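Structure file input21.json (JSON, C-alpha atoms) is printed below.
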```json
[["chain", "number", "residue", "atom", "x", "y", "z"],
["X", 1, "MET", "CA", 84.34, -176.77, 64.33],
["X", 2, "GLU", "CA", 82.90, -180.10, 63.45],
["X", 3, "GLN", "CA", 82.56, -181.01, 59.78],
["X", 4, "SER", "CA", 79.84, -183.42, 58.82],
["X", 5, "LYS", "CA", 79.82, -185.44, 55.61],
["X", 6, "LYS", "CA", 76.86, -184.59, 53.45],
["X", 7, "ASN", "CA", 75.12, -187.23, 51.40],
["X", 8, "THR", "CA", 75.57, -186.16, 47.78],
["X", 9, "GLY", "CA", 74.49, -189.40, 46.11],
["X", 10, "LEU", "CA", 71.20, -187.98, 44.89],
["X", 11, "TYR", "CA", 72.97, -185.00, 43.31],
["X", 12, "TRP", "CA", 75.39, -187.32, 41.51],
["X", 13, "ILE", "CA", 72.47, -189.32, 40.10],
["X", 14, "LEU", "CA", 70.70, -186.13, 39.00],
["X", 15, "PHE", "CA", 73.92, -184.82, 37.44],
["X", 16, "LEU", "CA", 74.49, -188.02, 35.46],
["X", 17, "LEU", "CA", 70.86, -188.08, 34.34],
["X", 18, "THR", "CA", 71.07, -184.47, 33.22],
["X", 19, "ALA", "CA", 74.37, -185.17, 31.44],
["X", 20, "VAL", "CA", 72.69, -187.96, 29.48],
["X", 21, "VAL", "CA", 69.80, -185.65, 28.59],
["X", 22, "PHE", "CA", 72.30, -183.01, 27.51],
["X", 23, "GLY", "CA", 74.16, -185.52, 25.33],
["X", 24, "VAL", "CA", 70.93, -186.63, 23.67],
["X", 25, "ALA", "CA", 69.93, -182.99, 23.12],
["X", 26, "VAL", "CA", 73.26, -182.28, 21.43],
["X", 27, "ALA", "CA", 72.93, -185.36, 19.22],
["X", 28, "LYS", "CA", 69.35, -184.52, 18.23],
["X", 29, "HIS", "CA", 70.15, -180.81, 17.64],
["X", 30, "PHE", "CA", 67.64, -179.66, 20.27],
["X", 31, "GLU", "CA", 66.80, -175.98, 19.69],
["X", 32, "TYR", "CA", 66.65, -175.01, 23.36],
["X", 33, "LEU", "CA", 69.88, -176.70, 24.40],
["X", 34, "THR", "CA", 70.84, -173.90, 26.77],
["X", 35, "LEU", "CA", 67.81, -174.63, 28.97],
["X", 36, "ILE", "CA", 69.53, -177.80, 30.17],
["X", 37, "LEU", "CA", 72.81, -176.14, 31.15],
["X", 38, "PRO", "CA", 71.66, -174.52, 34.44],
["X", 39, "PHE", "CA", 70.48, -177.89, 35.73],
["X", 40, "LEU", "CA", 73.67, -179.62, 34.61],
["X", 41, "CYS", "CA", 75.92, -177.05, 36.27],
["X", 42, "THR", "CA", 73.85, -176.78, 39.45],
["X", 43, "PHE", "CA", 73.74, -180.53, 40.06],
["X", 44, "PHE", "CA", 77.49, -180.79, 39.40],
["X", 45, "VAL", "CA", 78.29, -178.06, 41.93],
["X", 46, "LYS", "CA", 75.93, -179.58, 44.51],
["X", 47, "ALA", "CA", 77.40, -183.05, 43.94],
["X", 48, "LEU", "CA", 80.91, -181.74, 44.62],
["X", 49, "ASP", "CA", 79.52, -179.98, 47.71],
["X", 50, "ILE", "CA", 80.92, -176.61, 46.66],
["X", 51, "MET", "CA", 77.81, -174.71, 47.72]]
```
Is it possible to give me this structure as C-alpha coordinates?
Amino acid sequence: MEQSKKNTGLYWILFLLTAVVFGVAVAKHFEYLTLILPFLCTFFVKALDIM
(Lines of atoms letter the chains of each structure in order from A and count residues from 1; the text may use other names and numbers.)
(Lines give C-alpha, C1' and ligand atoms only; values in the text may rest on other atoms or scores of the structure.)
Protein backbone atom coordinates (compact mmCIF):
# COMPACT_ATOMS: atom_id res chain seq x y z
CA MET A 1 0.00 0.00 0.00
CA GLU A 2 1.09 3.51 -0.70
CA GLN A 3 1.41 5.91 2.21
CA SER A 4 0.91 9.58 1.52
CA LYS A 5 2.21 12.35 3.76
CA LYS A 6 -0.60 14.44 5.14
CA ASN A 7 -0.20 18.16 5.63
CA THR A 8 -0.57 18.73 9.37
CA GLY A 9 0.72 22.30 9.52
CA LEU A 10 -2.71 23.79 10.15
CA TYR A 11 -3.32 21.39 13.04
CA TRP A 12 0.03 22.33 14.60
CA ILE A 13 -0.88 26.03 14.39
CA LEU A 14 -4.31 25.36 15.91
CA PHE A 15 -2.74 23.25 18.66
CA LEU A 16 -0.23 25.96 19.57
CA LEU A 17 -2.94 28.62 19.53
CA THR A 18 -5.14 26.51 21.77
CA ALA A 19 -2.20 25.82 24.09
CA VAL A 20 -1.65 29.56 24.47
CA VAL A 21 -5.36 30.06 25.20
CA PHE A 22 -5.19 27.25 27.75
CA GLY A 23 -2.15 28.82 29.42
CA VAL A 24 -3.88 32.20 29.64
CA ALA A 25 -7.01 30.53 31.03
CA VAL A 26 -4.96 28.81 33.74
CA ALA A 27 -3.21 32.07 34.64
CA LYS A 28 -6.48 34.03 34.78
CA HIS A 29 -8.29 31.27 36.74
CA PHE A 30 -10.93 30.83 34.03
CA GLU A 31 -13.98 29.06 35.51
CA TYR A 32 -14.71 26.90 32.48
CA LEU A 33 -11.16 25.70 31.91
CA THR A 34 -12.25 22.20 30.95
CA LEU A 35 -14.06 23.52 27.87
CA ILE A 36 -10.68 24.17 26.24
CA LEU A 37 -9.27 20.67 26.84
CA PRO A 38 -11.19 18.83 24.07
CA PHE A 39 -9.88 21.27 21.48
CA LEU A 40 -6.34 21.06 22.84
CA CYS A 41 -6.30 17.26 22.81
CA THR A 42 -8.04 16.92 19.44
CA PHE A 43 -5.67 19.28 17.64
CA PHE A 44 -2.66 17.54 19.22
CA VAL A 45 -3.83 14.12 18.05
CA LYS A 46 -4.61 15.43 14.55
CA ALA A 47 -1.23 17.18 14.36
CA LEU A 48 0.57 13.93 15.18
CA ASP A 49 -1.62 12.20 12.57
CA ILE A 50 -2.76 9.53 15.01
CA MET A 51 -6.36 9.60 13.79
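Every polymer residue reaching to within 12 Å of (77.2, -187.6, 45.0), counting all atoms listed in the file, appears in this list: Lys5, Lys6, Asn7, Thr8, Gly9, Leu10, Tyr11, Trp12, Ile13, Leu14, Phe15, Leu16, Phe43, Phe44, Val45, Lys46, Ala47, Leu48, Asp49 and Ile50 of chain X.
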### Query
Thr18 in chain X: which residues within 9 Å, counting all atoms listed in the file, same-chain residues fewer than 5 positions away excluded, as a PyMOL selection string?
chain X and resi 13+23+36-37+39-40+43
For the residues in the current selection, export C-alpha atoms as a PDB file, keeping the file's coordinate frame.
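See selection-v1.pdb below for the written result:
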```
ATOM      1  CA  ILE X  13      72.470-189.320  40.100  1.00  0.00           C
ATOM      2  CA  GLY X  23      74.160-185.520  25.330  1.00  0.00           C
ATOM      3  CA  ILE X  36      69.530-177.800  30.170  1.00  0.00           C
ATOM      4  CA  LEU X  37      72.810-176.140  31.150  1.00  0.00           C
ATOM      5  CA  PHE X  39      70.480-177.890  35.730  1.00  0.00           C
ATOM      6  CA  LEU X  40      73.670-179.620  34.610  1.00  0.00           C
ATOM      7  CA  PHE X  43      73.740-180.530  40.060  1.00  0.00           C
TER       8      PHE X  43
END
```
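The space between CA of Val20 in chain X and CA of Met51 in chain X spans 23.1 Å.
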Box centre and edge lengths (Å, one decimal), axis-aligned, range 4-10 of chain X plus 8 Å each side, as JSON:
```
{"center_x": 75.5, "center_y": -186.4, "center_z": 51.9, "size_x": 24.6, "size_y": 22.0, "size_z": 29.9}
```
